[in-house]
Amino acid sequence: MKLLACPKCHQQLHLENKTLKCENNHCYDISKRGYINLLLNPDKATNNPGDSKESLVARKAYLNKGYYDPILNQVITCIDEFKHQDDLSILDLGCGEGYYTQGLKKHFENSDIYGLDISKIAIDMATRYRKDVTWLVGNSKNIPILDHSLDFICALFTVVNQDELKRALKEDGYIVHVTANNQHLIEIKELIYDEVKIKSDEHIRLPFETIKSYDFTKKIHLKNREDTLNLLKMTPHFYHIKKERRYVLDTLQGLDITIDIKVTVYALS
């Protein structure tokens with residue numbers, strides 16, 4: 001918690017009993033579940049921003065089967081390659097229900113790991129993984145972390161704010177950015193869309209120095225209908241299925257699926 005900043009004035013937060021306070025006397029309570037809500041009303045568009053509970057439950061069920069462990073391992077490998085020391089400060093941005101975050105803590109035991117998501121439901125679920133992660137409800141456009149204090153920011157399949165990344169990272173820090181390539185989950189797309197559109201990823205590249213960038217592809221086998229349906233529900237594709245294609249949900253079985261991602265490590269300079 002030592003790196004936390006007040007989302008209102010960006011002064012350092014200090015723990016007094018079970019309350020975090022800044023020098024301007026802005027106060028934030030630690031919830032019974034152990035997370036801290038640092039999401040300001042102006043930073044949210046709805047009362048319950050972020051992924052739906054249905055999507056988060058499906059995501060947790062799917063990820064806990066280990067299907068996306070290869071993605072987590074790519075992130076860990078990148079951090080191991082570029083870290084300057086063993087005691088790191090790492091933020092998992094848009095962490096959802098916390099699967100990747102807890103995996104980072106498991107590997108980097110001596111590091112301070114922060115998991116941030118705009119969804120209070122997601123962070124409440126994340127606290128069930130482990131208590132030695134600092135779980136935060138907050139907005140990536142107003143990251144409640146002190147200036148230039150993080151060694152790594154991990155952003156997996158999530159929207160980022162470039163200015164906030166630059167502000168929160170140390171001068172010698174790194175961003176590990178994971179984005180989907182066009183063949184990612186192509187089998188799911190072909191099931192539910194009449195036409196699969198090829199999209200450019202130019203708009204999601206970040207304007208920082210690219211230290212390393214590579215594509216990672218792997219075929220995985222989903223064992224049953226439940227896992228396939230959970231994968232679909234945790235993606236935006238589930239909510240884009242046209243009424244005339246809903247019958248596909250009744251035909252789902254185990255499936256071979258393509259993981260196709262780009263992993264990019266950025267430095268500020």
# chains A, B, ... in the order shown; residues from 1 in each chain; ligands from 1
$ select_by_dssp --residues "region 96-148 of chain A" --states "helix (DSSP H, G or I)" --output "list in words"
Tyr99, Tyr100, Thr101, Gln102, Gly103, Leu104, Lys105, Lys106, His107, Lys120, Ile121, Ala122, Ile123, Asp124, Met125 and Ala126 of chain A
$ write_last_selection --atoms "all heavy atoms" --output "short mmCIF file (atom, residue, chain, number, x, y, z; two decimals), in the first residue's frame"
data_model
loop_
_atom_site.label_atom_id
_atom_site.label_comp_id
_atom_site.auth_asym_id
_atom_site.auth_seq_id
_atom_site.Cartn_x
_atom_site.Cartn_y
_atom_site.Cartn_z
N TYR A 99 -7.18 -13.11 -11.85
CA TYR A 99 -6.44 -14.35 -12.11
C TYR A 99 -4.97 -14.10 -12.45
O TYR A 99 -4.07 -14.72 -11.88
CB TYR A 99 -7.10 -15.14 -13.23
CG TYR A 99 -6.39 -16.44 -13.52
CD1 TYR A 99 -6.57 -17.54 -12.68
CD2 TYR A 99 -5.52 -16.56 -14.59
CE1 TYR A 99 -5.90 -18.72 -12.91
CE2 TYR A 99 -4.84 -17.75 -14.83
CZ TYR A 99 -5.04 -18.81 -13.99
OH TYR A 99 -4.37 -19.98 -14.22
N TYR A 100 -4.73 -13.19 -13.41
CA TYR A 100 -3.35 -12.91 -13.80
C TYR A 100 -2.59 -12.24 -12.65
O TYR A 100 -1.40 -12.51 -12.44
CB TYR A 100 -3.31 -12.00 -15.03
CG TYR A 100 -3.91 -12.63 -16.27
CD1 TYR A 100 -5.09 -12.14 -16.82
CD2 TYR A 100 -3.30 -13.72 -16.89
CE1 TYR A 100 -5.65 -12.72 -17.95
CE2 TYR A 100 -3.84 -14.30 -18.02
CZ TYR A 100 -5.02 -13.79 -18.55
OH TYR A 100 -5.58 -14.37 -19.68
N THR A 101 -3.27 -11.39 -11.90
CA THR A 101 -2.63 -10.69 -10.79
C THR A 101 -2.11 -11.66 -9.74
O THR A 101 -0.97 -11.55 -9.28
CB THR A 101 -3.62 -9.72 -10.12
OG1 THR A 101 -4.48 -9.15 -11.11
CG2 THR A 101 -2.89 -8.62 -9.38
N GLN A 102 -2.95 -12.62 -9.35
CA GLN A 102 -2.50 -13.58 -8.34
C GLN A 102 -1.39 -14.46 -8.89
O GLN A 102 -0.52 -14.91 -8.13
CB GLN A 102 -3.69 -14.42 -7.84
CG GLN A 102 -4.39 -15.29 -8.88
CD GLN A 102 -3.76 -16.64 -9.08
OE1 GLN A 102 -3.14 -17.16 -8.16
NE2 GLN A 102 -3.92 -17.19 -10.28
N GLY A 103 -1.40 -14.69 -10.20
CA GLY A 103 -0.30 -15.45 -10.81
C GLY A 103 1.00 -14.70 -10.74
O GLY A 103 2.08 -15.29 -10.52
N LEU A 104 0.94 -13.38 -10.91
CA LEU A 104 2.14 -12.55 -10.79
C LEU A 104 2.68 -12.59 -9.36
O LEU A 104 3.88 -12.71 -9.13
CB LEU A 104 1.83 -11.11 -11.19
CG LEU A 104 1.53 -10.86 -12.67
CD1 LEU A 104 1.05 -9.43 -12.88
CD2 LEU A 104 2.76 -11.14 -13.53
N LYS A 105 1.77 -12.51 -8.39
CA LYS A 105 2.21 -12.54 -6.99
C LYS A 105 2.80 -13.89 -6.62
O LYS A 105 3.78 -13.97 -5.87
CB LYS A 105 1.02 -12.22 -6.06
CG LYS A 105 1.39 -12.17 -4.59
CD LYS A 105 2.43 -11.09 -4.29
CE LYS A 105 2.78 -11.03 -2.81
NZ LYS A 105 3.80 -10.01 -2.51
N LYS A 106 2.24 -14.94 -7.16
CA LYS A 106 2.76 -16.28 -6.88
C LYS A 106 4.20 -16.42 -7.36
O LYS A 106 5.04 -17.06 -6.71
CB LYS A 106 1.87 -17.33 -7.54
CG LYS A 106 2.25 -18.76 -7.23
CD LYS A 106 1.26 -19.73 -7.85
CE LYS A 106 1.62 -21.18 -7.52
NZ LYS A 106 0.63 -22.13 -8.12
N HIS A 107 4.50 -15.82 -8.51
CA HIS A 107 5.85 -15.92 -9.07
C HIS A 107 6.80 -14.91 -8.44
O HIS A 107 7.95 -15.24 -8.12
CB HIS A 107 5.80 -15.72 -10.59
CG HIS A 107 7.13 -15.91 -11.26
ND1 HIS A 107 7.63 -17.15 -11.59
CD2 HIS A 107 8.08 -15.00 -11.64
CE1 HIS A 107 8.82 -17.01 -12.15
NE2 HIS A 107 9.12 -15.72 -12.19
N LYS A 120 -16.20 -2.92 -9.04
CA LYS A 120 -16.14 -3.33 -7.64
C LYS A 120 -16.45 -4.81 -7.50
O LYS A 120 -15.89 -5.49 -6.64
CB LYS A 120 -17.10 -2.48 -6.81
CG LYS A 120 -17.01 -2.73 -5.31
CD LYS A 120 -17.64 -1.62 -4.50
CE LYS A 120 -19.13 -1.57 -4.67
NZ LYS A 120 -19.77 -0.61 -3.72
N ILE A 121 -17.35 -5.31 -8.34
CA ILE A 121 -17.68 -6.74 -8.31
C ILE A 121 -16.43 -7.56 -8.62
O ILE A 121 -16.14 -8.57 -7.96
CB ILE A 121 -18.80 -7.06 -9.31
CG1 ILE A 121 -20.09 -6.34 -8.93
CG2 ILE A 121 -19.05 -8.57 -9.39
CD1 ILE A 121 -21.19 -6.45 -9.97
N ALA A 122 -15.69 -7.13 -9.64
CA ALA A 122 -14.47 -7.85 -10.04
C ALA A 122 -13.44 -7.87 -8.91
O ALA A 122 -12.87 -8.92 -8.59
CB ALA A 122 -13.88 -7.22 -11.29
N ILE A 123 -13.21 -6.72 -8.31
CA ILE A 123 -12.21 -6.64 -7.25
C ILE A 123 -12.64 -7.43 -6.01
O ILE A 123 -11.82 -8.07 -5.34
CB ILE A 123 -11.90 -5.17 -6.90
CG1 ILE A 123 -11.22 -4.48 -8.09
CG2 ILE A 123 -11.03 -5.07 -5.67
CD1 ILE A 123 -9.88 -5.06 -8.48
N ASP A 124 -13.93 -7.41 -5.71
CA ASP A 124 -14.42 -8.21 -4.60
C ASP A 124 -14.14 -9.69 -4.85
O ASP A 124 -13.74 -10.43 -3.94
CB ASP A 124 -15.92 -7.98 -4.41
CG ASP A 124 -16.47 -8.71 -3.20
OD1 ASP A 124 -16.29 -8.20 -2.08
OD2 ASP A 124 -17.06 -9.80 -3.38
N MET A 125 -14.33 -10.14 -6.09
CA MET A 125 -14.01 -11.52 -6.44
C MET A 125 -12.51 -11.79 -6.34
O MET A 125 -12.07 -12.85 -5.89
CB MET A 125 -14.49 -11.82 -7.86
CG MET A 125 -16.00 -11.86 -8.02
SD MET A 125 -16.53 -12.02 -9.76
CE MET A 125 -15.83 -13.61 -10.18
N ALA A 126 -11.71 -10.80 -6.73
CA ALA A 126 -10.26 -10.96 -6.74
C ALA A 126 -9.69 -11.19 -5.34
O ALA A 126 -8.70 -11.91 -5.18
CB ALA A 126 -9.60 -9.73 -7.38
#
$ residues_around --residues "His84 (chain A)" --least-positions-apart "5" --cutoff "10 Å" --atoms "only C-alpha atoms" --output "ChimeraX atom specification"
/A:79,151,172-173
$ write_last_selection --atoms "C-alpha atoms" --output "PDB file, in the first residue's frame"
ATOM      1  CA  ILE A  79       9.203  -9.238 -16.519  1.00  0.00           C
ATOM      2  CA  ASP A 151       8.670  -0.907 -12.142  1.00  0.00           C
ATOM      3  CA  ASP A 172      13.419   2.979 -16.131  1.00  0.00           C
ATOM      4  CA  GLY A 173      10.103   1.121 -15.880  1.00  0.00           C
TER       5      GLY A 173
END
$ closest_atom_pairs --of "region 119-159 of chain A" --to "region 246-262 of chain A" --cutoff "12 Å" --atoms "only C-alpha atoms" --output "CSV"
residue,atom,partner,partner_atom,distance
A:Ala155,CA,A:Lys262,CA,11.9
A:Leu156,CA,A:Ile261,CA,10.1
A:Phe157,CA,A:Ile261,CA,9.5
$ write_last_selection --atoms "C-alpha atoms" --output "short mmCIF file (atom, residue, chain, number, x, y, z; two decimals), in the first residue's frame"
data_model
loop_
_atom_site.label_atom_id
_atom_site.label_comp_id
_atom_site.auth_asym_id
_atom_site.auth_seq_id
_atom_site.Cartn_x
_atom_site.Cartn_y
_atom_site.Cartn_z
CA ALA A 155 -2.05 -4.39 -19.44
CA LEU A 156 -3.70 -7.55 -20.74
CA PHE A 157 -6.62 -7.10 -23.15
#
$ closest_residue --among "A:His10, A:Asn48, A:Arg128, A:Ile36" --to "Arg167 (chain A)" --atoms "only C-alpha atoms"
A:His10
$ residues_around --residues "region 201-209 of chain A" --least-positions-apart "5" --cutoff "12 Å" --atoms "only C-alpha atoms" --output "PyMOL selection string"
chain A and resi 155+157-163+165-166+172-182+261-269
$ residues_around --residues "region 109-112 of chain A" --least-positions-apart "2" --cutoff "9 Å" --atoms "only C-alpha atoms" --output "list of chain:residue names"
A:Met1, A:Asp86, A:Asp87, A:Leu88, A:Ser89, A:Ile90, A:Leu91, A:Leu104, A:Lys105, A:Lys106, A:His107, A:Tyr114, A:Asp132, A:Val133, A:Thr134
$ write_last_selection --atoms "C-alpha atoms" --output "compact mmCIF listing (two decimals), in the first residue's frame"
# COMPACT_ATOMS: atom_id res chain seq x y z
CA MET A 1 0.00 0.00 0.00
CA ASP A 86 13.79 -8.97 -7.39
CA ASP A 87 11.67 -6.70 -5.19
CA LEU A 88 9.46 -5.05 -7.79
CA SER A 89 6.39 -2.86 -7.81
CA ILE A 90 3.96 -4.22 -10.41
CA LEU A 91 0.50 -2.98 -11.37
CA LEU A 104 2.14 -12.55 -10.79
CA LYS A 105 2.21 -12.54 -6.99
CA LYS A 106 2.76 -16.28 -6.88
CA HIS A 107 5.85 -15.92 -9.07
CA TYR A 114 -1.33 -4.11 -7.25
CA ASP A 132 -1.13 -10.22 -0.05
CA VAL A 133 -2.07 -8.30 -3.20
CA THR A 134 -3.25 -4.68 -2.96
$ residues_around --residues "Arg245 (chain A)" --least-positions-apart "5" --cutoff "10 Å" --atoms "only C-alpha atoms" --output "list of chain:residue names"
A:Leu191, A:Ile192, A:Tyr193, A:Asp194, A:His240
$ write_last_selection --atoms "C-alpha atoms" --output "PDB file, in the first residue's frame"
ATOM      1  CA  LEU A 191     -19.326 -19.731 -35.056  1.00  0.00           C
ATOM      2  CA  ILE A 192     -21.199 -16.537 -34.272  1.00  0.00           C
ATOM      3  CA  TYR A 193     -20.457 -14.064 -37.088  1.00  0.00           C
ATOM      4  CA  ASP A 194     -21.596 -14.240 -40.710  1.00  0.00           C
ATOM      5  CA  HIS A 240     -22.727  -9.326 -30.101  1.00  0.00           C
TER       6      HIS A 240
END
$ select_by_dssp --residues "region 42-174 of chain A" --states "strand (DSSP E)" --output "MDAnalysis selection string"
chainID A and resid 89:93 112:117 134:137 150:156 169:174
$ closest_residue --among "A:Thr127, A:Ile198, A:His221, A:Ala168" --to "His148 (chain A)" --atoms "only C-alpha atoms"
A:Ala168
$ atom_distance --atom1 "CA of Lys53 (chain A)" --atom2 "CA of Lys65 (chain A)"
18.8 Å
$ closest_residue --among "A:Asn230, A:Ser31, A:Ser149, A:Thr217" --to "Pro70 (chain A)" --atoms "only C-alpha atoms"
A:Thr217
$ atom_distance --atom1 "CA of Asp92 (chain A)" --atom2 "CA of Asn64 (chain A)"
17.6 Å
$ closest_residue --among "A:Tyr35, A:Tyr68, A:Tyr214, A:Phe108" --to "Trp135 (chain A)" --atoms "only C-alpha atoms"
A:Tyr35
